[in-house]
file input03.tsv (TSV, C-alpha atoms)
chain	number	residue	atom	x	y	z
A	14	MET	CA	19.99	-179.62	-85.75
A	15	ASN	CA	19.76	-177.79	-89.08
A	16	LYS	CA	22.74	-179.72	-90.39
A	17	ILE	CA	21.21	-183.06	-89.39
A	18	LYS	CA	17.88	-182.08	-90.94
A	19	GLU	CA	19.63	-181.08	-94.15
A	20	ILE	CA	21.43	-184.44	-94.30
A	21	ILE	CA	18.33	-186.60	-93.87
A	22	ASP	CA	15.77	-184.51	-95.76
A	23	GLN	CA	16.72	-186.39	-98.91
A	24	PHE	CA	15.48	-189.61	-97.23
A	25	ASN	CA	12.06	-188.13	-96.42
A	26	PHE	CA	12.38	-188.71	-92.68
A	27	ASP	CA	10.16	-186.83	-90.26
A	28	ILE	CA	12.45	-186.04	-87.30
A	29	ARG	CA	10.89	-186.42	-83.86
A	30	GLY	CA	14.04	-185.96	-81.78
A	31	TYR	CA	17.76	-186.56	-81.64
A	32	ARG	CA	20.65	-187.00	-79.22
A	33	LYS	CA	24.42	-187.21	-79.44
A	34	LEU	CA	26.28	-190.35	-78.35
A	35	LYS	CA	30.09	-190.09	-78.51
A	36	ASN	CA	30.91	-189.29	-82.15
A	37	VAL	CA	27.51	-190.14	-83.64
A	38	GLN	CA	24.05	-188.60	-83.74
A	39	ILE	CA	20.99	-190.74	-82.99
A	40	ILE	CA	17.76	-189.48	-84.56
A	41	ASP	CA	14.20	-190.59	-83.86
A	42	THR	CA	12.07	-190.48	-87.01
A	43	ASP	CA	8.68	-191.58	-88.23
A	44	GLN	CA	10.46	-194.58	-89.77
A	45	GLY	CA	12.38	-195.58	-86.64
A	46	LYS	CA	15.64	-194.62	-84.95
A	47	TYR	CA	18.78	-194.05	-87.06
A	48	VAL	CA	22.42	-193.31	-86.41
A	49	ILE	CA	24.30	-190.65	-88.36
A	50	LYS	CA	28.07	-190.91	-88.51
A	51	ARG	CA	30.66	-189.12	-90.58
A	52	LYS	CA	31.50	-191.33	-93.57
A	53	LYS	CA	34.89	-192.92	-94.12
A	54	THR	CA	35.53	-193.60	-97.79
A	55	TYR	CA	37.24	-196.95	-97.33
A	56	HIS	CA	34.04	-198.34	-95.79
A	57	ASP	CA	32.57	-198.49	-99.29
A	58	ASP	CA	35.33	-200.83	-100.45
A	59	ILE	CA	35.08	-203.05	-97.36
A	60	TYR	CA	31.30	-203.29	-97.41
A	61	GLY	CA	31.22	-203.93	-101.15
A	62	TYR	CA	33.89	-206.63	-100.87
A	63	LEU	CA	32.16	-208.39	-97.97
A	64	LYS	CA	28.74	-208.25	-99.61
A	65	ASN	CA	30.30	-209.81	-102.69
A	66	LYS	CA	31.64	-212.59	-100.45
A	67	ASN	CA	28.13	-213.14	-98.98
A	68	PHE	CA	29.22	-211.93	-95.55
A	69	ASN	CA	26.01	-210.32	-94.32
A	70	TYR	CA	26.73	-209.38	-90.70
A	71	LEU	CA	26.91	-205.71	-91.62
A	72	LEU	CA	24.86	-202.61	-91.00
A	73	ASP	CA	22.22	-201.78	-93.59
A	74	ARG	CA	23.58	-198.39	-94.64
A	75	LYS	CA	22.29	-195.38	-96.43
A	76	TRP	CA	24.79	-192.66	-97.20
A	77	THR	CA	25.31	-189.18	-98.46
A	78	GLN	CA	28.54	-187.68	-99.71
A	79	ASN	CA	29.94	-187.15	-96.21
A	80	TYR	CA	27.76	-189.18	-93.83
A	81	GLU	CA	26.59	-192.74	-93.21
A	82	ILE	CA	23.05	-193.36	-91.97
A	83	PHE	CA	22.00	-196.72	-90.59
A	84	PRO	CA	19.30	-198.14	-88.32
A	85	PHE	CA	19.81	-197.86	-84.57
A	86	ILE	CA	19.93	-201.42	-83.23
A	87	GLU	CA	18.04	-202.15	-80.02
A	88	GLU	CA	20.18	-204.86	-78.48
A	89	VAL	CA	18.79	-207.99	-76.88
A	90	SER	CA	20.34	-208.80	-73.52
A	91	ILE	CA	22.05	-212.20	-73.61
A	92	PRO	CA	24.83	-213.73	-71.44
A	93	ARG	CA	28.35	-212.71	-72.46
A	94	GLU	CA	29.25	-216.38	-73.00
A	95	GLU	CA	26.52	-216.72	-75.63
A	96	LYS	CA	27.55	-213.48	-77.26
A	97	ALA	CA	31.16	-214.71	-77.36
A	98	ILE	CA	30.06	-217.87	-79.19
A	99	GLU	CA	28.35	-215.66	-81.77
A	100	MET	CA	31.53	-213.61	-82.13
A	101	VAL	CA	33.65	-216.71	-82.68
A	102	TYR	CA	31.27	-217.99	-85.35
A	103	ILE	CA	31.20	-214.66	-87.18
A	104	LEU	CA	35.00	-214.26	-87.03
A	105	SER	CA	35.55	-217.74	-88.43
A	106	LEU	CA	33.06	-217.02	-91.20
A	107	LEU	CA	34.77	-213.71	-92.02
A	108	HIS	CA	38.15	-215.40	-92.26
A	109	ASN	CA	36.92	-218.36	-94.28
A	110	LYS	CA	35.11	-216.19	-96.80
A	111	THR	CA	38.04	-213.80	-97.33
A	112	THR	CA	40.97	-216.24	-97.37
A	113	PHE	CA	43.54	-216.05	-100.11
A	114	TYR	CA	47.20	-217.01	-100.42
A	115	LYS	CA	50.14	-214.90	-101.46
A	116	GLU	CA	53.87	-215.29	-101.81
A	117	VAL	CA	55.81	-214.75	-98.60
A	118	VAL	CA	57.76	-211.49	-98.44
A	119	LEU	CA	60.84	-212.31	-96.39
A	120	ASN	CA	61.40	-208.69	-95.35
A	121	LYS	CA	57.89	-208.65	-93.85
A	122	ILE	CA	58.63	-211.83	-91.89
A	123	LYS	CA	61.87	-210.31	-90.61
A	124	GLU	CA	60.03	-207.13	-89.65
A	125	ILE	CA	57.49	-209.06	-87.55
A	126	TYR	CA	60.28	-211.07	-85.94
A	127	GLU	CA	62.43	-208.05	-85.12
A	128	THR	CA	59.49	-206.00	-83.83
A	129	LEU	CA	58.34	-208.74	-81.45
A	130	SER	CA	61.92	-209.57	-80.40
A	131	LYS	CA	62.54	-205.94	-79.47
A	132	GLU	CA	59.26	-205.77	-77.58
A	133	ILE	CA	60.09	-208.89	-75.56
A	134	GLU	CA	63.62	-207.65	-74.85
A	135	TYR	CA	62.38	-204.21	-73.84
A	136	LEU	CA	59.74	-205.63	-71.47
A	137	THR	CA	62.26	-208.00	-69.91
A	138	TYR	CA	64.60	-205.11	-69.03
A	139	TYR	CA	61.64	-202.95	-68.04
A	140	TYR	CA	60.39	-205.44	-65.44
A	141	HIS	CA	63.88	-206.18	-64.14
A	142	ASP	CA	64.41	-202.45	-63.58
A	143	MET	CA	60.97	-202.13	-62.00
A	144	GLN	CA	61.71	-205.05	-59.68
A	145	ASP	CA	65.02	-203.48	-58.59
A	146	ILE	CA	63.33	-200.15	-57.83
A	147	ILE	CA	60.43	-201.68	-55.91
A	148	GLU	CA	62.61	-204.02	-53.84
A	149	GLN	CA	64.74	-201.11	-52.68
A	150	LYS	CA	61.71	-199.39	-51.14
A	151	VAL	CA	61.14	-199.54	-47.41
A	152	TYR	CA	57.37	-199.66	-47.96
A	153	MET	CA	55.82	-201.11	-51.09
A	154	SER	CA	52.37	-200.08	-52.26
A	155	PRO	CA	49.77	-202.90	-52.40
A	156	GLY	CA	50.07	-203.03	-56.19
A	157	GLU	CA	53.86	-203.17	-56.09
A	158	TYR	CA	53.77	-205.92	-53.49
A	159	LEU	CA	51.32	-207.95	-55.60
A	160	LEU	CA	53.54	-207.58	-58.66
A	161	ILE	CA	56.76	-208.58	-56.85
A	162	ARG	CA	55.07	-211.66	-55.40
A	163	ASN	CA	54.22	-212.75	-58.93
A	164	ILE	CA	57.21	-211.40	-60.86
A	165	SER	CA	58.43	-214.90	-61.77
A	166	LEU	CA	55.22	-215.36	-63.79
A	167	VAL	CA	56.09	-212.27	-65.83
A	168	TYR	CA	59.58	-213.55	-66.67
A	169	SER	CA	58.27	-217.02	-67.49
A	170	SER	CA	55.71	-215.54	-69.86
A	171	LEU	CA	58.34	-213.42	-71.61
A	172	GLU	CA	60.68	-216.39	-71.91
A	173	TYR	CA	57.93	-218.57	-73.34
A	174	SER	CA	56.92	-215.93	-75.88
A	175	LYS	CA	60.54	-215.68	-77.04
A	176	GLU	CA	60.75	-219.47	-77.47
A	177	GLN	CA	57.58	-219.54	-79.58
A	178	LEU	CA	58.77	-216.59	-81.65
A	179	GLU	CA	62.00	-218.42	-82.52
A	180	LYS	CA	60.03	-221.52	-83.52
A	181	TRP	CA	57.71	-219.41	-85.68
A	182	TYR	CA	60.57	-217.60	-87.40
A	183	ALA	CA	62.35	-220.87	-88.22
A	184	ILE	CA	59.25	-222.02	-90.12
A	185	ALA	CA	58.01	-218.72	-91.54
A	186	LYS	CA	61.31	-217.59	-93.12
A	187	ASP	CA	61.46	-220.76	-95.22
A	188	SER	CA	57.79	-220.75	-96.25
A	189	LYS	CA	56.86	-220.04	-99.87
A	190	ARG	CA	53.37	-218.67	-99.29
A	191	GLU	CA	51.18	-217.40	-96.49
A	192	ARG	CA	47.46	-217.23	-95.81
A	193	VAL	CA	45.86	-213.80	-95.72
A	194	VAL	CA	42.34	-212.76	-94.69
A	195	LEU	CA	40.38	-209.58	-94.23
A	196	LEU	CA	40.79	-208.72	-90.55
A	197	HIS	CA	38.14	-206.83	-88.63
A	198	GLY	CA	40.93	-205.31	-86.54
A	199	ARG	CA	39.08	-204.68	-83.27
A	200	PRO	CA	36.77	-207.66	-82.60
A	201	SER	CA	35.45	-207.33	-79.06
A	202	LEU	CA	32.04	-208.11	-77.63
A	203	ASP	CA	31.30	-204.38	-77.59
A	204	HIS	CA	31.51	-204.38	-81.39
A	205	LEU	CA	28.98	-207.17	-81.87
A	206	LEU	CA	25.38	-205.96	-81.76
A	207	ILE	CA	22.67	-208.56	-81.26
A	208	GLY	CA	19.13	-207.48	-82.06
A	209	LYS	CA	16.88	-209.01	-84.69
A	210	ASN	CA	20.08	-209.79	-86.56
A	211	ARG	CA	23.76	-210.16	-85.66
A	212	THR	CA	25.82	-207.15	-86.73
A	213	LEU	CA	29.57	-206.59	-86.51
A	214	ILE	CA	30.38	-202.87	-86.34
A	215	SER	CA	33.46	-200.60	-86.16
A	216	TRP	CA	35.46	-201.61	-89.23
A	217	ASP	CA	37.74	-198.57	-88.97
A	218	HIS	CA	40.82	-200.73	-88.35
A	219	SER	CA	40.05	-203.40	-90.93
A	220	LYS	CA	42.92	-204.56	-93.13
A	221	ARG	CA	44.27	-207.64	-94.85
A	222	GLY	CA	46.76	-209.70	-92.91
A	223	ILE	CA	47.67	-212.92	-91.11
A	224	PRO	CA	44.44	-214.31	-89.57
A	225	ILE	CA	45.71	-214.60	-85.98
A	226	TYR	CA	45.51	-210.89	-85.24
A	227	ASP	CA	41.73	-210.85	-84.84
A	228	PHE	CA	41.63	-213.61	-82.23
A	229	VAL	CA	44.65	-212.12	-80.43
A	230	TYR	CA	42.71	-208.87	-80.06
A	231	PHE	CA	39.54	-210.70	-78.97
A	232	TYR	CA	41.54	-212.75	-76.48
A	233	LYS	CA	43.19	-209.71	-74.90
A	234	SER	CA	39.97	-207.68	-74.84
A	235	ASP	CA	37.70	-210.23	-73.17
A	236	TYR	CA	40.00	-212.71	-71.38
A	237	LEU	CA	38.98	-211.71	-67.88
A	238	ASP	CA	35.46	-213.15	-67.81
A	239	LEU	CA	35.39	-215.63	-70.70
A	240	GLU	CA	36.68	-219.20	-71.07
A	241	MET	CA	39.01	-218.56	-73.98
A	242	SER	CA	40.22	-222.13	-74.33
A	243	ALA	CA	36.77	-223.42	-75.28
A	244	LEU	CA	36.11	-220.43	-77.54
A	245	PHE	CA	39.45	-220.93	-79.29
A	246	ASP	CA	38.61	-224.61	-79.86
A	247	MET	CA	35.30	-223.59	-81.44
A	248	TYR	CA	37.05	-221.10	-83.69
A	249	GLN	CA	39.69	-223.67	-84.67
A	250	SER	CA	37.01	-226.22	-85.53
A	251	LYS	CA	35.85	-223.81	-88.24
A	252	PHE	CA	39.11	-222.08	-89.15
A	253	LEU	CA	42.19	-224.11	-88.27
A	254	TYR	CA	45.49	-222.29	-87.87
A	255	THR	CA	48.56	-223.60	-89.64
A	256	GLN	CA	51.53	-224.51	-87.45
A	257	SER	CA	53.22	-221.23	-88.28
A	258	GLU	CA	50.09	-219.20	-87.47
A	259	TYR	CA	49.59	-221.04	-84.20
A	260	LEU	CA	53.16	-220.38	-83.04
A	261	LEU	CA	52.79	-216.68	-83.79
A	262	PHE	CA	49.45	-216.66	-81.97
A	263	LEU	CA	51.08	-218.22	-78.87
A	264	THR	CA	53.89	-215.68	-79.08
A	265	MET	CA	51.57	-212.70	-79.16
A	266	ILE	CA	49.17	-213.73	-76.41
A	267	SER	CA	52.12	-214.58	-74.14
A	268	ILE	CA	53.72	-211.15	-74.28
A	269	PRO	CA	52.51	-209.28	-71.18
A	270	LYS	CA	51.58	-205.63	-71.46
A	271	LYS	CA	53.61	-202.80	-69.96
A	272	LEU	CA	52.39	-201.92	-66.48
A	273	VAL	CA	52.63	-198.30	-65.40
A	274	PHE	CA	51.97	-197.33	-61.79
A	275	THR	CA	49.96	-194.13	-61.25
A	276	LYS	CA	50.24	-193.83	-57.43
A	277	LYS	CA	46.49	-194.26	-57.22
A	278	HIS	CA	46.75	-197.33	-55.04
A	279	TYR	CA	43.31	-198.84	-55.61
A	280	LYS	CA	43.53	-198.41	-59.38
A	281	ASP	CA	47.12	-199.68	-59.49
A	282	CYS	CA	46.28	-202.74	-57.41
A	283	TYR	CA	43.33	-203.61	-59.66
A	284	GLU	CA	45.45	-203.18	-62.79
A	285	VAL	CA	48.14	-205.48	-61.36
A	286	PHE	CA	45.46	-208.01	-60.43
A	287	LYS	CA	44.16	-208.02	-64.02
A	288	PHE	CA	47.72	-208.18	-65.32
A	289	ILE	CA	48.58	-211.22	-63.21
A	290	ARG	CA	45.23	-212.82	-63.97
A	291	TYR	CA	45.92	-212.45	-67.69
A	292	ILE	CA	49.29	-214.17	-67.36
A	293	GLU	CA	47.81	-216.98	-65.25
A	294	LYS	CA	44.93	-217.57	-67.66
A	295	THR	CA	47.30	-217.54	-70.62
A	296	ARG	CA	49.61	-220.00	-68.86
A	297	ASP	CA	46.67	-222.32	-68.21
A	298	PHE	CA	45.51	-221.88	-71.82
A	299	VAL	CA	48.94	-222.87	-73.14
A	300	LEU	CA	49.29	-225.82	-70.77
A	301	LYS	CA	45.88	-227.15	-71.77
A	302	LYS	CA	46.66	-226.84	-75.48
A	303	ASN	CA	50.02	-228.57	-75.01
A	304	GLN	CA	48.35	-231.42	-73.12
A	305	GLU	CA	45.75	-231.79	-75.87
A	306	THR	CA	48.50	-231.89	-78.51
A	307	GLU	CA	50.50	-234.49	-76.59
A	308	LYS	CA	47.39	-236.63	-76.10
A	309	SER	CA	46.55	-236.37	-79.79
A	310	ASN	CA	50.09	-237.34	-80.78
A	311	HIS	CA	50.04	-240.25	-78.32
A	312	ASN	CA	46.72	-241.54	-79.70
A	313	GLU	CA	48.06	-241.25	-83.23
A	314	PHE	CA	51.15	-243.25	-82.23
A	315	ASP	CA	49.01	-245.97	-80.66
A	316	LYS	CA	47.18	-246.47	-83.94

call {"tool": "encode", "arguments": {"input": "input03.tsv", "output": "structure tokens"}}
result
Amino acid sequence: MNKIKEIIDQFNFDIRGYRKLKNVQIIDTDQGKYVIKRKKTYHDDIYGYLKNKNFNYLLDRKWTQNYEIFPFIEEVSIPREEKAIEMVYILSLLHNKTTFYKEVVLNKIKEIYETLSKEIEYLTYYYHDMQDIIEQKVYMSPGEYLLIRNISLVYSSLEYSKEQLEKWYAIAKDSKRERVVLLHGRPSLDHLLIGKNRTLISWDHSKRGIPIYDFVYFYKSDYLDLEMSALFDMYQSKFLYTQSEYLLFLTMISIPKKLVFTKKHYKDCYEVFKFIRYIEKTRDFVLKKNQETEKSNHNEFDK
């Protein structure tokens, strides 16, 4: 308590109470509730850069040498679908405002290609080995049975991701320049606070890079209960991917995660259910996008 008081005395707050929440302190003062969090120096650069770009969906910070202090936001309860629309709008705005182009570094392209190729190859062998082990059992657990019944979906997803990766690499390795944006790094609905204003928090993983990574993370974080196809269309209407970016996006969302069984049958079964649901939703997403592309091409031909 003494340390907190020492930190905020310089702001002339009258402390009425405080509590700890994860790695932050929440204080109740005569001027409202505030959050105190240990400062990370690179936040200054990010906040300054975004303010200069007129991106204003940021916390109103005060700071000392070692700590950040910002208002505690009382969130308004809104449906997740509405919150997701807000997230898509803010992400597209972030990417539009921070876009720049740079010369392609071929070694970087090769690194991405080789990393994803190895991941796909590893997962393919991993699931083949897992299938062999499970099928040799006299009694499968419910989770194992659910996985084996749907194992063809896993292989199809891995095969599709490999096909898209090859298409991406064929284009990317011959490109002269690439588009780069400031990425939030971890855009999920939990990191969007909606009170009087909209505020995007948790910039600890922010970096500059290819724009697809933010939506890939958003997609994988919130796929289970959101209609990602419609949200992706909204995002694309404001920030359209290039062909190369789109192929890499398809590659990354199509790579299934690595399942690990824990022998806790209920938990394992639920994790397999989510795993299969992710693959099914991604398959439907891809099919819908392919149909839309074919229809668009057909209409263009008819003209």

call {"tool": "residues_around", "arguments": {"input": "input03.tsv", "residues": "Leu63 in chain A", "least_positions_apart": "3", "cutoff": "12 Å", "atoms": "only C-alpha atoms", "output": "ChimeraX atom specification"}}
result
/A:56-60,66-72,106-112,194-197,213,216,219

call {"tool": "residues_around", "arguments": {"input": "input03.tsv", "residues": "range 251-257 of chain A", "least_positions_apart": "6", "cutoff": "9 Å", "atoms": "all atoms listed in the file", "output": "list of chain:residue names"}}
result
A:Tyr102, A:Ser105, A:Leu106, A:His108, A:Asn109, A:Lys180, A:Trp181, A:Tyr182, A:Ile184, A:Ala185, A:Arg192, A:Pro224, A:Ile225

call {"tool": "residues_around", "arguments": {"input": "input03.tsv", "residues": "Tyr140 in chain A", "least_positions_apart": "5", "cutoff": "9 Å", "atoms": "all atoms listed in the file", "output": "PyMOL selection string"}}
result
chain A and resi 135+145+164+167-168+271-272

call {"tool": "residues_around", "arguments": {"input": "input03.tsv", "residues": "Arg74 in chain A", "least_positions_apart": "6", "cutoff": "9 Å", "atoms": "all atoms listed in the file", "output": "number ranges by chain"}}
result
A: 81-84

call {"tool": "residues_near_point", "arguments": {"input": "input03.tsv", "point": "(44.8, -215.6, -73.6)", "cutoff": "7 Å", "atoms": "only C-alpha atoms", "output": "PDB file with C-alpha atoms, keeping the file's coordinate frame"}}
result
ATOM      1  CA  TYR A 232      41.540-212.750 -76.480  1.00  0.00           C
ATOM      2  CA  LYS A 233      43.190-209.710 -74.900  1.00  0.00           C
ATOM      3  CA  TYR A 236      40.000-212.710 -71.380  1.00  0.00           C
ATOM      4  CA  MET A 241      39.010-218.560 -73.980  1.00  0.00           C
ATOM      5  CA  ILE A 266      49.170-213.730 -76.410  1.00  0.00           C
ATOM      6  CA  TYR A 291      45.920-212.450 -67.690  1.00  0.00           C
ATOM      7  CA  LYS A 294      44.930-217.570 -67.660  1.00  0.00           C
ATOM      8  CA  THR A 295      47.300-217.540 -70.620  1.00  0.00           C
ATOM      9  CA  PHE A 298      45.510-221.880 -71.820  1.00  0.00           C
TER      10      PHE A 298
END

call {"tool": "atom_distance", "arguments": {"input": "input03.tsv", "atom1": "CA of Leu206 in chain A", "atom2": "CA of Tyr47 in chain A"}}
result
14.6 Å

call {"tool": "decode", "arguments": {"input": "input03.tsv", "residues": "range 292-306 of chain A", "atoms": "N, CA, C and O atoms", "output": "CSV table (one decimal), in the first residue's frame"}}
result
chain,number,residue,atom,x,y,z
A,292,ILE,N,-12.0,-26.9,-37.5
A,292,ILE,CA,-11.7,-27.3,-38.8
A,292,ILE,C,-12.9,-27.3,-39.7
A,292,ILE,O,-12.8,-26.8,-40.9
A,293,GLU,N,-14.1,-27.6,-39.2
A,293,GLU,CA,-15.3,-27.6,-39.9
A,293,GLU,C,-15.7,-26.1,-40.3
A,293,GLU,O,-16.0,-25.9,-41.4
A,294,LYS,N,-15.5,-25.2,-39.3
A,294,LYS,CA,-15.9,-23.8,-39.6
A,294,LYS,C,-14.9,-23.2,-40.6
A,294,LYS,O,-15.3,-22.4,-41.4
A,295,THR,N,-13.6,-23.6,-40.5
A,295,THR,CA,-12.6,-23.1,-41.5
A,295,THR,C,-12.9,-23.7,-42.9
A,295,THR,O,-12.8,-22.9,-43.8
A,296,ARG,N,-13.3,-24.9,-42.9
A,296,ARG,CA,-13.6,-25.5,-44.2
A,296,ARG,C,-14.8,-24.8,-44.8
A,296,ARG,O,-14.8,-24.4,-46.0
A,297,ASP,N,-15.8,-24.5,-44.0
A,297,ASP,CA,-17.0,-23.8,-44.6
A,297,ASP,C,-16.6,-22.4,-45.0
A,297,ASP,O,-17.1,-21.9,-46.0
A,298,PHE,N,-15.8,-21.8,-44.2
A,298,PHE,CA,-15.3,-20.4,-44.5
A,298,PHE,C,-14.6,-20.4,-45.9
A,298,PHE,O,-14.9,-19.6,-46.7
A,299,VAL,N,-13.7,-21.4,-46.1
A,299,VAL,CA,-12.9,-21.4,-47.3
A,299,VAL,C,-13.8,-21.7,-48.5
A,299,VAL,O,-13.7,-21.1,-49.6
A,300,LEU,N,-14.8,-22.7,-48.3
A,300,LEU,CA,-15.7,-23.0,-49.4
A,300,LEU,C,-16.5,-21.8,-49.8
A,300,LEU,O,-16.8,-21.5,-51.0
A,301,LYS,N,-17.0,-21.1,-48.8
A,301,LYS,CA,-17.8,-19.9,-49.1
A,301,LYS,C,-17.0,-18.8,-49.9
A,301,LYS,O,-17.5,-18.3,-50.8
A,302,LYS,N,-15.8,-18.6,-49.4
A,302,LYS,CA,-15.0,-17.6,-50.1
A,302,LYS,C,-14.6,-18.1,-51.6
A,302,LYS,O,-14.6,-17.2,-52.5
A,303,ASN,N,-14.4,-19.3,-51.8
A,303,ASN,CA,-14.1,-19.9,-53.1
A,303,ASN,C,-15.3,-19.7,-54.0
A,303,ASN,O,-15.2,-19.3,-55.2
A,304,GLN,N,-16.5,-20.0,-53.4
A,304,GLN,CA,-17.8,-19.8,-54.2
A,304,GLN,C,-18.0,-18.3,-54.6
A,304,GLN,O,-18.4,-18.0,-55.7
A,305,GLU,N,-17.7,-17.4,-53.7
A,305,GLU,CA,-17.9,-16.0,-53.9
A,305,GLU,C,-16.9,-15.6,-55.0
A,305,GLU,O,-17.2,-14.8,-55.9
A,306,THR,N,-15.6,-16.1,-55.0
A,306,THR,CA,-14.6,-15.7,-56.0
A,306,THR,C,-15.1,-16.2,-57.4
A,306,THR,O,-15.0,-15.5,-58.4
